[in-house]
Each structure stands twice: as C-alpha cells, then as structure tokens.
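Here's start07.cif, which has mmCIF, C-alpha atoms:
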```
data_start
loop_
_atom_site.label_atom_id
_atom_site.label_comp_id
_atom_site.auth_asym_id
_atom_site.auth_seq_id
_atom_site.Cartn_x
_atom_site.Cartn_y
_atom_site.Cartn_z
CA PRO A 81 89.49 64.50 -39.10
CA ASP A 82 89.68 63.35 -35.53
CA TYR A 83 87.54 60.23 -35.97
CA LYS A 84 88.12 59.18 -32.35
CA ARG A 85 85.81 62.01 -31.19
CA VAL A 86 82.74 60.23 -32.62
CA ILE A 87 83.46 56.90 -30.92
CA PRO A 88 81.22 56.86 -27.86
CA LYS A 89 82.85 56.67 -24.44
CA ALA A 90 81.62 54.98 -21.26
CA LEU A 91 79.80 52.12 -22.97
CA ASP A 92 79.01 50.00 -19.96
CA ARG A 93 76.66 47.45 -21.54
CA ILE A 94 77.75 44.74 -23.95
CA ALA A 95 75.56 42.34 -25.87
CA THR A 96 77.13 39.58 -27.94
CA VAL A 97 75.06 38.31 -30.86
CA ASP A 98 75.41 35.80 -33.66
CA ARG A 99 76.10 37.97 -36.71
CA LYS A 100 74.28 35.82 -39.28
CA ALA A 101 71.18 35.33 -37.11
CA MET A 102 71.02 39.06 -36.32
CA ARG A 103 71.39 39.96 -39.98
CA GLN A 104 68.59 37.57 -40.97
CA SER A 105 66.30 39.06 -38.31
CA LEU A 106 67.10 42.56 -39.49
CA ILE A 107 66.31 41.57 -43.09
CA LYS A 108 62.90 40.23 -42.00
CA ASN A 109 62.17 43.41 -40.06
CA SER A 110 63.35 45.67 -42.87
CA ILE A 111 60.50 44.50 -45.10
CA LEU A 112 57.89 46.16 -42.90
CA THR A 113 59.70 49.34 -41.89
CA ASN A 114 58.25 52.75 -42.51
CA GLU A 115 59.81 54.10 -45.71
CA LYS A 116 60.33 57.50 -44.08
CA ASN A 117 62.71 56.51 -41.28
CA ARG A 118 63.27 52.75 -41.80
CA ALA A 119 63.17 52.28 -38.00
CA VAL A 120 63.69 48.98 -36.26
CA LYS A 121 63.26 48.95 -32.48
CA LEU A 122 65.73 46.87 -30.51
CA ASN A 123 64.78 45.82 -26.99
CA PHE A 124 67.68 44.31 -25.06
CA LYS A 125 66.72 42.02 -22.17
CA PRO A 126 68.86 39.58 -20.21
CA GLY A 127 69.61 36.77 -22.67
CA LEU A 128 67.34 38.15 -25.39
CA ILE A 129 67.00 40.82 -28.05
CA GLN A 130 63.59 41.64 -29.48
CA MET A 131 63.26 43.44 -32.82
CA ARG A 132 60.13 45.24 -34.02
CA SER A 133 59.22 47.29 -37.04
CA SER A 134 56.00 48.61 -38.51
CA ASN A 135 54.78 50.65 -41.43
CA VAL A 136 52.01 53.15 -42.16
CA ASP A 137 49.60 50.32 -43.02
CA ASN A 138 49.90 49.04 -39.41
CA GLU A 139 51.72 45.90 -40.53
CA GLU A 140 54.28 44.71 -38.01
CA ALA A 141 57.34 42.51 -37.98
CA TYR A 142 58.70 40.92 -34.82
CA ASP A 143 61.61 38.64 -34.14
CA GLU A 144 63.74 37.71 -31.17
CA LEU A 145 67.13 36.14 -30.70
CA GLU A 146 69.01 34.68 -27.80
CA ILE A 147 72.03 36.80 -27.00
CA ASP A 148 74.73 37.02 -24.38
CA TYR A 149 73.52 40.01 -22.33
CA ASP A 150 73.04 40.18 -18.58
CA ASN A 151 72.14 43.78 -17.82
CA ASN A 152 68.93 45.78 -17.40
CA GLU A 153 66.32 46.04 -20.13
CA PHE A 154 66.96 48.80 -22.65
CA GLU A 155 65.11 49.85 -25.81
CA THR A 156 66.36 51.95 -28.70
CA ALA A 157 65.76 52.29 -32.43
CA PHE A 158 67.94 52.54 -35.53
CA ASN A 159 67.66 52.89 -39.26
CA VAL A 160 67.66 49.23 -40.30
CA THR A 161 69.59 50.00 -43.50
CA TYR A 162 72.61 51.15 -41.49
CA LEU A 163 72.55 48.04 -39.32
CA LEU A 164 72.22 45.77 -42.36
CA ASP A 165 75.23 47.48 -43.95
CA ILE A 166 77.31 46.84 -40.83
CA PHE A 167 76.23 43.24 -40.27
CA GLY A 168 76.74 42.54 -43.98
CA ALA A 169 80.26 43.98 -43.99
CA MET A 170 81.49 42.09 -40.95
CA ALA A 171 82.94 38.59 -41.32
CA SER A 172 83.09 37.42 -37.70
CA GLU A 173 80.65 34.88 -36.31
CA LYS A 174 79.98 36.89 -33.16
CA VAL A 175 79.46 40.63 -32.89
CA GLN A 176 79.53 42.86 -29.83
CA ILE A 177 77.01 45.68 -29.50
CA GLU A 178 78.18 48.17 -26.90
CA PHE A 179 75.98 50.92 -25.50
CA SER A 180 75.17 52.95 -22.39
CA ASP A 181 71.85 53.32 -20.64
CA ILE A 182 71.47 56.90 -21.83
CA ARG A 183 68.77 57.06 -24.48
CA GLY A 184 69.89 58.86 -27.62
CA ASN A 185 73.56 57.92 -27.35
CA SER A 186 75.41 56.21 -30.18
CA ILE A 187 76.22 52.53 -30.04
CA ALA A 188 79.42 50.82 -31.08
CA ILE A 189 79.35 47.57 -33.00
CA LYS A 190 82.61 45.64 -32.80
CA ASN A 191 84.25 42.51 -34.08
CA PRO A 192 85.55 40.79 -30.91
CA GLU A 193 88.33 39.22 -32.98
CA ASP A 194 89.60 42.57 -34.31
CA PRO A 195 89.49 45.45 -31.80
CA ASN A 196 90.58 47.91 -34.51
CA VAL A 197 87.23 47.66 -36.31
CA ILE A 198 84.46 49.76 -34.76
CA TYR A 199 81.18 50.80 -36.35
CA VAL A 200 79.30 53.70 -34.75
CA VAL A 201 75.57 54.18 -35.26
CA MET A 202 73.31 56.98 -34.03
CA PRO A 203 69.83 56.02 -32.85
CA ILE A 204 66.63 57.57 -34.16
CA ASN A 205 63.61 58.78 -32.22
CA PHE A 206 60.69 56.39 -31.98
#
```
Any chance you could put this one into structure tokens?
Amino acid sequence: PDYKRVIPKALDRIATVDRKAMRQSLIKNSILTNEKNRAVKLNFKPGLIQMRSSNVDNEEAYDELEIDYDNNEFETAFNVTYLLDIFGAMASEKVQIEFSDIRGNSIAIKNPEDPNVIYVVMPINF
C-alpha cells in the first residue's frame, strides 16, 4: 500500500518533548480515562503541554510538562493507549510532535535523530 498517503502534510507546528517525561504523564492520565474511548486531552501552549483525562465517575487526572513549543494554543485529544505504544517503542530522549492548527487532522510523532521513523495518530472527538 501507498503508506505515504496517510502521512499528514503541511504540519506547521512542532513541539519537542522529553520522551520519558511524556510517557510517565500519559501513564498517570491513562489510569483515569474513560474505558469507552480512553481519551486524553492535550493542550499545547507556548512552553507547556497540559494533559487531562476523566472517567464516568467524574474522577480527573491532570499533568503538565515543559516543552519546546512557541506557537498558538491548540487542544486535541487522542486514545492514550496509542500514544503510550508510540512513546514506549521509541528510544530517543526527545520526541517531536508535529501538527497543524486544523482540528481533526492527524499528528506525526517523530524521532529527531531518525527522520525515517514517523508515527501517525488520528485524534478523537472530545
């Protein structure tokens, strides 16, 4: 199959995160996700990413990390299981999350040390 068709184009925003710290935050948030969609909301702000999840019992998880990001605020949501799989499989210290400002578009997660490795994740509605 033509796998290049699913790699999103025109990704004009890049956030660089510490892979281990992001993975640990995702693990914390995964505990309180709704079992139906396993959603974790990611809110990108200049220099910061905020992560939120909640479940049907109105329990919430929240964490934030300092990141290298200097663009406008943007919020999206993903199935935390998919993100944990990606951040667990990668070996680099830093990870680039590339996205556009169009809500509903896929994101690309890349290893800055190996441009041939690209993970693509579709967001979920929240």
Atom CA of Asp92 of chain A to atom CA of Leu128 of chain A, distance in Å rounded to a single decimal: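 These atoms are spaced 17.5 Å apart.
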Cut-off 12 Å around (81.1, 60.7, -24.3) with only C-alpha atoms: residues as JSON, numbers by chain: {"A": [84, 85, 86, 87, 88, 89, 90, 91, 92, 179, 180, 182, 184, 185, 186, 187]}
When you count all atoms listed in the file, which of these residues is closest to Glu139 of chain A: A:Val197, A:Lys174, A:Ile111, A:Pro203?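 Going through A:Val197, A:Lys174, A:Ile111, A:Pro203 one by one, the smallest distance to Glu139 of chain A is for A:Ile111.
Restricting the calculation to only C-alpha atoms, the smallest distance between Asn152 of chain A and any of A:Ile129, A:Val200, A:Val97, A:Leu112 is found for A:Ile129.
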Using only C-alpha atoms, which of A:Ile177, A:Met102, A:Val201, A:Ile189 sits nearest Glu146 of chain A? A:Met102
Residues within 8 Å of Arg132 of chain A, please, as a PDB file with C-alpha atoms, keeping the file's coordinate frame. Count only C-alpha atoms; anything in the same chain fewer than 5 positions from it doesn't count.
```pdb
ATOM      1  CA  ASN A 109      62.170  43.410 -40.060  1.00  0.00           C
ATOM      2  CA  VAL A 120      63.690  48.980 -36.260  1.00  0.00           C
ATOM      3  CA  LYS A 121      63.260  48.950 -32.480  1.00  0.00           C
ATOM      4  CA  LEU A 122      65.730  46.870 -30.510  1.00  0.00           C
ATOM      5  CA  GLU A 140      54.280  44.710 -38.010  1.00  0.00           C
ATOM      6  CA  ALA A 141      57.340  42.510 -37.980  1.00  0.00           C
ATOM      7  CA  TYR A 142      58.700  40.920 -34.820  1.00  0.00           C
ATOM      8  CA  ASP A 143      61.610  38.640 -34.140  1.00  0.00           C
TER       9      ASP A 143
END
```
Which residue out of A:Tyr162, A:Leu145, A:Met170, A:Asp181 has the minimum interatomic distance to Thr96 of chain A when only C-alpha atoms are used?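 Among A:Tyr162, A:Leu145, A:Met170, A:Asp181, it is A:Leu145 that comes nearest to Thr96 of chain A.
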